[in-house]
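In what follows, a single structure is set out as structure tokens and then discussed.
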Amino acid sequence: MAARFDSAADVKDALKAVSYLADDAISGVVYLADRLEKPILVEGPAGTGKTELAKAVAAVTGARLLRLQCYEGLDESKALYEWNYKKQLLRIQAQRNAENDGATWSELEEDIFSEGFLLSRPLLEAIRAKDPVVLLIDEVDRLEVETEALLLEVLSDYQVSIPELGTVVAEQVPLVLLTSNSTRELSEALKRRCLFLHIDYPSMEREKEIVLNRVPDISEHLADQVVRIVRSIRQLELKKHPSVSETLDWARTLLLLGIDDVDAETAKSTLNILLKYQSDIQRAAKELTANDPLKAR
Amino acid sequence: MSTLVEVINGFVAELRGAGLPVSLTEHIDAMEALRFVDLADRDTVKYALASTMVKSHSHWLPFETVFEVYFSTLGSGAGRGEADLGPGLEAEIDAMREQRHGAPHDTGGSLEGLSSDELVAMLYQALLDGDEALAKALAKLAVTRFSGMEPGRPVGGTYYLHRTLRHLGLEAMRERLVDQAEETAAGEMTELERRLARDEFESRIDRLRKEMESEIRRRLVADRGPQAMAKTLRKPLPEDIDFMHASRDEMAQLRKALHPLTRKLAVRLARKRRHGRKGPLDFRSTVRHSLSYGGVPAEPKFRYPRPSKPEIFVVADISGSVAAFARFTLMLVHAISGQFSKVRSFVFIDGIDEVTRFFDGVEDVGDAISRVNTEADVIWVDGHSDYGHAFEELWRRWGCEIGPKTTVLLLGDARNNYHAASSWVVKEIRAKARHVYWLNPEPRSYWDTGDSIVGEYANYCDGAFECRNLRQLERFVDILQ
């Protein structure tokens, strides 16, 4: 199996080419995942680019992105595979009509439980794919603990066992990313099989680069101000801190409004783009315009 | 190679000692991962080890500490004395001194000859300009100069850090930096700009402090060896921090850990209720659906289960010894109050007061807690815990409001200062309420020693639980349903 990347630095450059600015941790783990052929479990606050990472990796490797969105109640037939029973019925009916072509029941059974009657869902699809794929299992923490077990075989051995067919082994090892918002602790079994990557809010320098990269036409000065204010806001005790995507939204808004220089008033009046709770907005507004900054400490 | 294996073995053993669950497969994975990275590059080694062995973000801090200790001499930071700064920096320092004195001094090694005042002044300048390389070099020098390290002295790293910081006076420096920035800025600074400048300097100073910390650690490790050092630095994980003996830093960690925990608990409780049981047979719906099967009730329909949400009474002792614990439990219960039909809180020392009103319509539970601490009327005679009197009052004033849906949580160490126990109140409450639980922040082995009479109350409770840390508290909340 040919490696996709030569080094962590290589990953970083490649990702940058598709405007995903990775830090050392991200590129290092992606590189290792490729070499060790292990899935990556990506955890972190919402809106820090977890799903985006999977898309970027797919774009870089020229692979097809297969996405499995997890939710409570997801089961085998939606995650792994399902028998196309309508087609099976038709096949049986056709057999009955052409009564005398001599096929026996066992032949028929073998026939209707063959690959042609199998509907593959994302996990099996990723295993069977002949072309390069990146498998994204999104928000895996929404699954119930019991359903998590579905993933284990795929994640550790890259194979799926189908009772009627046997075991389908991957033609090529796909790159797998799982994302989690950590609403619950994932099982040990799942964690053990993955490389763990925590994506936190980026450093100010990196966030500025992201803003400059993702918001065309923004001036260096405005981008600088935006990320500085966002950093200040993140230091407050809030219900929900502004995420990277919200920073980007804010930067775009300011640009659209034709603002080149953010003062306290503009910041205050556009805070609702950064923050999503009324109490947070009030608190941030108060802090940003506080007369005595010492009080804020 | 064998030495690397040994180092990693020791490293893993230390991680386990610090409470991180590192399995054998993960250990093997880590070794495997190291084959692919550049061993001289400290950061890549760090991420390789972290991604294979640390599977939870809350374990990152202990991992980092242990890593710093074991690999402090690896790669970029390795054995670099303060003398070799690289020609660029040296020239810069010389230029700066020139600027200050008007003429270059000929004191030989450019850094060794600096006086303490010069060092502080240069550090100030480096922070003002945001010159990280220079600040880093100066941090090292400051440690050498001010920390007064002596080999073999059994003192922790924080002691040396304090000594260094005291000499530098970083707090005052921050204020001066902001003022200076204001002077250089043309015209008046707005409040916003001022704040941003302050945050900027704050983060620079923070980085400087971290640099000094790791420098001190490096030297201590060189002196004492990684095993001994790691042991002195070992700290409990946030979920294992004891409520009763938490330091201020640990308190801050606890508060941070509390928020994700409440979210987790809320999701879990809601899920449990939805999936817990099926409702009774819905006869009408079953008959209606049977029509499509020709009148055969092939598909039984059930009523949607009506979740019964318990009503919670929290009765907490907030006297000094157990205040922290009471605060956390109140915060936790109120943060997930959506999962209960009603939450009412009472706090007592020797008198008792209802504090539900502080939580009503308040967005920030923390604010409410601080109001509880200052405004609640809980002193009756002398401000020493009197469980007996507090419980009697509770029964007299609010006893009639306890009903069969109420779950009562009694919080405290039951150290009653030898007052009357009045445990009959707990007995009465239990007869009326759905459940009565006692949560005690003391280790179980201390129960019923000295003036603790928790056993006497526990007799009448549905359960008494030791609740010394977040882990135990979390486990308890799970059974509240």
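The chains in the structure tokens are called A, B, ... from first to last as shown; in each chain the residues are counted from 1, and the ligands are counted from 1 in the order shown.
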| task | Per DSSP on the backbone, filter stretch 84-242 of chain A down to the residues in helix (DSSP H, G or I) and report them as JSON, numbers by chain. | result | {"A": [85, 86, 87, 88, 89, 90, 91, 92, 93, 94, 95, 96, 97, 99, 100, 101, 105, 106, 107, 108, 109, 110, 111, 112, 115, 116, 117, 122, 123, 124, 125, 126, 127, 128, 140, 141, 142, 145, 146, 147, 148, 149, 150, 151, 152, 153, 154, 155, 156, 157, 188, 189, 190, 191, 192, 193, 204, 205, 206, 207, 208, 209, 210, 211, 212, 213, 214, 220, 221, 222, 223, 224, 225, 226, 227, 228, 229, 230, 231, 232, 233, 234]}
Now that the selection is made, can you save its residues with C-alpha atoms as a PDB file, in the first residue's frame?
```pdb
ATOM      1  CA  TYR A  85     -35.429  -7.222  -0.769  1.00  0.00           C
ATOM      2  CA  LYS A  86     -37.593  -5.744  -3.514  1.00  0.00           C
ATOM      3  CA  LYS A  87     -35.139  -6.950  -6.087  1.00  0.00           C
ATOM      4  CA  GLN A  88     -34.966 -10.294  -4.335  1.00  0.00           C
ATOM      5  CA  LEU A  89     -38.753 -10.596  -4.502  1.00  0.00           C
ATOM      6  CA  LEU A  90     -38.749  -9.808  -8.184  1.00  0.00           C
ATOM      7  CA  ARG A  91     -36.110 -12.417  -8.762  1.00  0.00           C
ATOM      8  CA  ILE A  92     -38.158 -15.063  -6.981  1.00  0.00           C
ATOM      9  CA  GLN A  93     -41.255 -14.062  -8.915  1.00  0.00           C
ATOM     10  CA  ALA A  94     -39.384 -14.284 -12.203  1.00  0.00           C
ATOM     11  CA  GLN A  95     -38.209 -17.740 -11.242  1.00  0.00           C
ATOM     12  CA  ARG A  96     -41.764 -18.848 -10.566  1.00  0.00           C
ATOM     13  CA  ASN A  97     -42.963 -17.630 -13.966  1.00  0.00           C
ATOM     14  CA  GLU A  99     -41.169 -22.614 -14.042  1.00  0.00           C
ATOM     15  CA  ASN A 100     -39.302 -25.121 -16.089  1.00  0.00           C
ATOM     16  CA  ASP A 101     -35.834 -23.709 -16.480  1.00  0.00           C
ATOM     17  CA  TRP A 105     -34.066 -23.671  -4.697  1.00  0.00           C
ATOM     18  CA  SER A 106     -30.507 -23.728  -3.468  1.00  0.00           C
ATOM     19  CA  GLU A 107     -29.291 -22.198  -6.685  1.00  0.00           C
ATOM     20  CA  LEU A 108     -31.895 -19.498  -6.376  1.00  0.00           C
ATOM     21  CA  GLU A 109     -30.946 -18.831  -2.760  1.00  0.00           C
ATOM     22  CA  GLU A 110     -27.339 -18.515  -3.693  1.00  0.00           C
ATOM     23  CA  ASP A 111     -28.364 -16.160  -6.418  1.00  0.00           C
ATOM     24  CA  ILE A 112     -30.489 -13.760  -4.371  1.00  0.00           C
ATOM     25  CA  GLU A 115     -23.442  -9.077  -4.380  1.00  0.00           C
ATOM     26  CA  GLY A 116     -25.910  -7.927  -6.983  1.00  0.00           C
ATOM     27  CA  PHE A 117     -28.665  -7.805  -4.393  1.00  0.00           C
ATOM     28  CA  PRO A 122     -21.200   4.138   3.595  1.00  0.00           C
ATOM     29  CA  LEU A 123     -19.101   1.760   5.682  1.00  0.00           C
ATOM     30  CA  LEU A 124     -19.303  -1.150   3.249  1.00  0.00           C
ATOM     31  CA  GLU A 125     -19.010   1.238   0.354  1.00  0.00           C
ATOM     32  CA  ALA A 126     -15.713   2.512   1.737  1.00  0.00           C
ATOM     33  CA  ILE A 127     -14.432  -1.016   2.137  1.00  0.00           C
ATOM     34  CA  ARG A 128     -15.450  -2.126  -1.339  1.00  0.00           C
ATOM     35  CA  VAL A 140     -19.946   9.578  16.391  1.00  0.00           C
ATOM     36  CA  ASP A 141     -20.881  10.557  19.943  1.00  0.00           C
ATOM     37  CA  ARG A 142     -24.512  10.650  18.910  1.00  0.00           C
ATOM     38  CA  VAL A 145     -23.011   2.778  23.079  1.00  0.00           C
ATOM     39  CA  GLU A 146     -24.351  -0.482  21.629  1.00  0.00           C
ATOM     40  CA  THR A 147     -24.321   0.781  18.057  1.00  0.00           C
ATOM     41  CA  GLU A 148     -20.724   1.846  18.398  1.00  0.00           C
ATOM     42  CA  ALA A 149     -19.826  -1.813  18.195  1.00  0.00           C
ATOM     43  CA  LEU A 150     -20.914  -1.760  14.547  1.00  0.00           C
ATOM     44  CA  LEU A 151     -17.910   0.350  13.726  1.00  0.00           C
ATOM     45  CA  LEU A 152     -15.298  -1.715  15.475  1.00  0.00           C
ATOM     46  CA  GLU A 153     -14.744  -4.367  12.818  1.00  0.00           C
ATOM     47  CA  VAL A 154     -14.454  -1.785  10.094  1.00  0.00           C
ATOM     48  CA  LEU A 155     -12.110   0.401  12.078  1.00  0.00           C
ATOM     49  CA  SER A 156      -9.646  -2.213  13.237  1.00  0.00           C
ATOM     50  CA  ASP A 157      -9.486  -4.710  10.387  1.00  0.00           C
ATOM     51  CA  GLU A 188     -12.611   2.297  25.323  1.00  0.00           C
ATOM     52  CA  ALA A 189     -12.786  -0.209  22.491  1.00  0.00           C
ATOM     53  CA  LEU A 190     -13.429   2.514  19.949  1.00  0.00           C
ATOM     54  CA  LYS A 191     -10.824   4.892  21.326  1.00  0.00           C
ATOM     55  CA  ARG A 192      -8.185   2.222  21.432  1.00  0.00           C
ATOM     56  CA  ARG A 193      -8.486   1.655  17.713  1.00  0.00           C
ATOM     57  CA  MET A 204      -4.104  33.998  17.311  1.00  0.00           C
ATOM     58  CA  GLU A 205      -1.481  33.863  14.571  1.00  0.00           C
ATOM     59  CA  ARG A 206      -3.022  30.810  12.983  1.00  0.00           C
ATOM     60  CA  GLU A 207      -6.519  32.215  13.213  1.00  0.00           C
ATOM     61  CA  LYS A 208      -5.365  35.363  11.486  1.00  0.00           C
ATOM     62  CA  GLU A 209      -3.900  33.303   8.678  1.00  0.00           C
ATOM     63  CA  ILE A 210      -7.158  31.411   8.398  1.00  0.00           C
ATOM     64  CA  VAL A 211      -9.120  34.645   8.187  1.00  0.00           C
ATOM     65  CA  LEU A 212      -6.784  36.058   5.551  1.00  0.00           C
ATOM     66  CA  ASN A 213      -6.955  32.831   3.630  1.00  0.00           C
ATOM     67  CA  ARG A 214     -10.683  32.256   3.784  1.00  0.00           C
ATOM     68  CA  GLU A 220      -4.398  42.762   7.012  1.00  0.00           C
ATOM     69  CA  HIS A 221      -5.340  45.413   9.543  1.00  0.00           C
ATOM     70  CA  LEU A 222      -8.961  44.328   9.827  1.00  0.00           C
ATOM     71  CA  ALA A 223      -8.040  40.657  10.097  1.00  0.00           C
ATOM     72  CA  ASP A 224      -5.635  41.481  12.867  1.00  0.00           C
ATOM     73  CA  GLN A 225      -8.277  43.410  14.777  1.00  0.00           C
ATOM     74  CA  VAL A 226     -10.844  40.694  14.301  1.00  0.00           C
ATOM     75  CA  VAL A 227      -8.710  37.927  15.732  1.00  0.00           C
ATOM     76  CA  ARG A 228      -7.519  40.070  18.601  1.00  0.00           C
ATOM     77  CA  ILE A 229     -11.045  40.883  19.647  1.00  0.00           C
ATOM     78  CA  VAL A 230     -12.066  37.262  19.273  1.00  0.00           C
ATOM     79  CA  ARG A 231      -9.187  36.214  21.470  1.00  0.00           C
ATOM     80  CA  SER A 232     -10.272  38.673  24.137  1.00  0.00           C
ATOM     81  CA  ILE A 233     -13.810  37.367  23.978  1.00  0.00           C
ATOM     82  CA  ARG A 234     -12.653  33.775  24.297  1.00  0.00           C
TER      83      ARG A 234
END
```
| task | Pick out the residues sitting within 10 Å of A:Leu36, and hand them over as a ChimeraX atom specification; count only C-alpha atoms, and ignore anything fewer than 6 positions along from it in its own chain. | result | /A:3,30,195 /B:29,32-33,35-36
| field | Within 10 Å of chain A: residues of chain B, using only C-alpha atoms, as JSON, numbers by chain | value | {"B": [21, 22, 23, 24, 25, 26, 29, 30, 32, 33, 34, 35, 36, 37, 38, 43, 44, 45, 46, 47, 48, 49, 50, 51, 52, 53, 54, 55, 56, 57, 60, 190, 191, 192, 193, 194, 195, 196, 197, 198, 199, 200, 256, 259, 260, 261, 262, 263, 264, 265, 266, 267, 268, 271, 362, 363, 364]}
Shell around B:Arg468 at 12 Å using only C-alpha atoms, local window under 4 positions removed, as a short mmCIF file (atom, residue, chain, number, x, y, z; two decimals) with N, CA and C atoms, in the first residue's frame:
```cif
data_model
loop_
_atom_site.label_atom_id
_atom_site.label_comp_id
_atom_site.auth_asym_id
_atom_site.auth_seq_id
_atom_site.Cartn_x
_atom_site.Cartn_y
_atom_site.Cartn_z
N PRO B 238 -8.57 16.10 36.79
CA PRO B 238 -9.66 16.94 37.30
C PRO B 238 -10.79 16.15 37.95
N GLU B 239 -11.10 14.99 37.38
CA GLU B 239 -12.23 14.26 37.96
C GLU B 239 -11.88 13.58 39.27
N ASP B 240 -10.58 13.57 39.64
CA ASP B 240 -10.19 12.95 40.89
C ASP B 240 -9.80 13.94 41.98
N ILE B 241 -9.95 15.23 41.68
CA ILE B 241 -9.57 16.23 42.67
C ILE B 241 -10.55 16.19 43.84
N ASP B 242 -9.98 16.15 45.03
CA ASP B 242 -10.81 16.08 46.22
C ASP B 242 -11.43 17.45 46.49
N PHE B 243 -12.78 17.50 46.61
CA PHE B 243 -13.46 18.79 46.83
C PHE B 243 -12.93 19.50 48.08
N MET B 244 -12.69 18.72 49.11
CA MET B 244 -12.42 19.35 50.40
C MET B 244 -11.01 19.93 50.49
N HIS B 245 -10.11 19.43 49.66
CA HIS B 245 -8.74 19.92 49.78
C HIS B 245 -8.22 20.53 48.48
N ALA B 246 -9.12 21.06 47.67
CA ALA B 246 -8.69 21.59 46.38
C ALA B 246 -8.01 22.94 46.56
N VAL B 322 -17.14 22.17 54.33
CA VAL B 322 -17.71 21.46 53.20
C VAL B 322 -18.28 22.41 52.15
N ALA B 324 -17.08 24.04 49.62
CA ALA B 324 -16.72 23.82 48.22
C ALA B 324 -17.58 22.72 47.62
N PHE B 325 -17.76 21.67 48.40
CA PHE B 325 -18.54 20.54 47.92
C PHE B 325 -20.00 20.96 47.68
N ALA B 326 -20.56 21.71 48.65
CA ALA B 326 -21.95 22.14 48.51
C ALA B 326 -22.10 22.99 47.26
N PHE B 328 -20.38 22.94 44.51
CA PHE B 328 -20.33 22.17 43.27
C PHE B 328 -21.60 21.38 43.04
N THR B 329 -22.11 20.82 44.11
CA THR B 329 -23.32 20.03 43.92
C THR B 329 -24.47 20.94 43.52
N LEU B 411 -26.74 17.12 51.92
CA LEU B 411 -25.32 17.27 51.64
C LEU B 411 -24.57 17.73 52.87
N GLY B 412 -23.55 17.00 53.25
CA GLY B 412 -22.75 17.47 54.36
C GLY B 412 -21.93 16.37 54.98
N ASP B 413 -21.05 16.75 55.90
CA ASP B 413 -20.21 15.74 56.53
C ASP B 413 -20.82 15.25 57.85
N LEU B 439 -25.22 12.70 50.75
CA LEU B 439 -23.92 12.78 50.06
C LEU B 439 -22.89 13.35 51.01
N ASN B 440 -21.83 12.62 51.21
CA ASN B 440 -20.83 13.03 52.18
C ASN B 440 -19.48 13.21 51.48
N PRO B 441 -18.90 14.42 51.59
CA PRO B 441 -17.62 14.65 50.91
C PRO B 441 -16.42 14.07 51.66
N GLU B 442 -16.66 13.44 52.77
CA GLU B 442 -15.52 12.86 53.51
C GLU B 442 -15.26 11.43 53.05
N PRO B 443 -14.02 10.99 53.14
CA PRO B 443 -13.75 9.58 52.84
C PRO B 443 -14.52 8.69 53.81
N ARG B 444 -14.95 7.57 53.31
CA ARG B 444 -15.83 6.70 54.09
C ARG B 444 -15.19 6.28 55.42
N GLN B 472 -17.22 10.70 41.43
CA GLN B 472 -18.23 10.09 42.29
C GLN B 472 -19.55 10.84 42.20
N LEU B 473 -19.45 12.17 42.07
CA LEU B 473 -20.66 12.97 41.96
C LEU B 473 -21.42 12.61 40.69
N GLU B 474 -20.67 12.43 39.62
CA GLU B 474 -21.28 12.07 38.34
C GLU B 474 -21.99 10.73 38.44
N ARG B 475 -21.34 9.78 39.10
CA ARG B 475 -21.93 8.46 39.23
C ARG B 475 -23.24 8.55 40.02
N PHE B 476 -23.25 9.42 41.02
CA PHE B 476 -24.46 9.53 41.82
C PHE B 476 -25.61 10.12 41.01
#
```
| said: Please report the interatomic distance between atom CA of B:Arg219 and atom CA of B:Leu237 in Å with one decimal. | reply: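 Between atom CA of B:Arg219 and atom CA of B:Leu237 the gap works out to 25.4 Å.
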| At what distance in Å, to one decimal, does atom CA of B:Phe67 lie from atom CA of B:Leu39? |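 Between these atoms lies a distance of 14.0 Å.
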| said: as a ChimeraX atom specification, please: the residues near A:Val173 (cut-off 9 Å, only C-alpha atoms, same-chain neighbours under 2 positions excluded). | reply: /A:1,37,126-127,132-133,158,170-171,175-176
Would you save the residues from that selection as a compact mmCIF listing (two decimals), in the first residue's frame, using C-alpha atoms?
```txt
# COMPACT_ATOMS: atom_id res chain seq x y z
CA MET A 1 0.00 0.00 0.00
CA GLU A 37 -3.27 2.77 8.70
CA ALA A 126 -15.71 2.51 1.74
CA ILE A 127 -14.43 -1.02 2.14
CA PRO A 132 -9.29 6.02 -3.21
CA VAL A 133 -11.82 7.13 -0.60
CA TYR A 158 -11.04 -2.79 7.51
CA ALA A 170 -10.91 -3.80 1.90
CA GLU A 171 -9.22 -3.57 -1.47
CA LEU A 175 -8.39 6.99 5.38
CA VAL A 176 -11.01 7.17 8.13
```
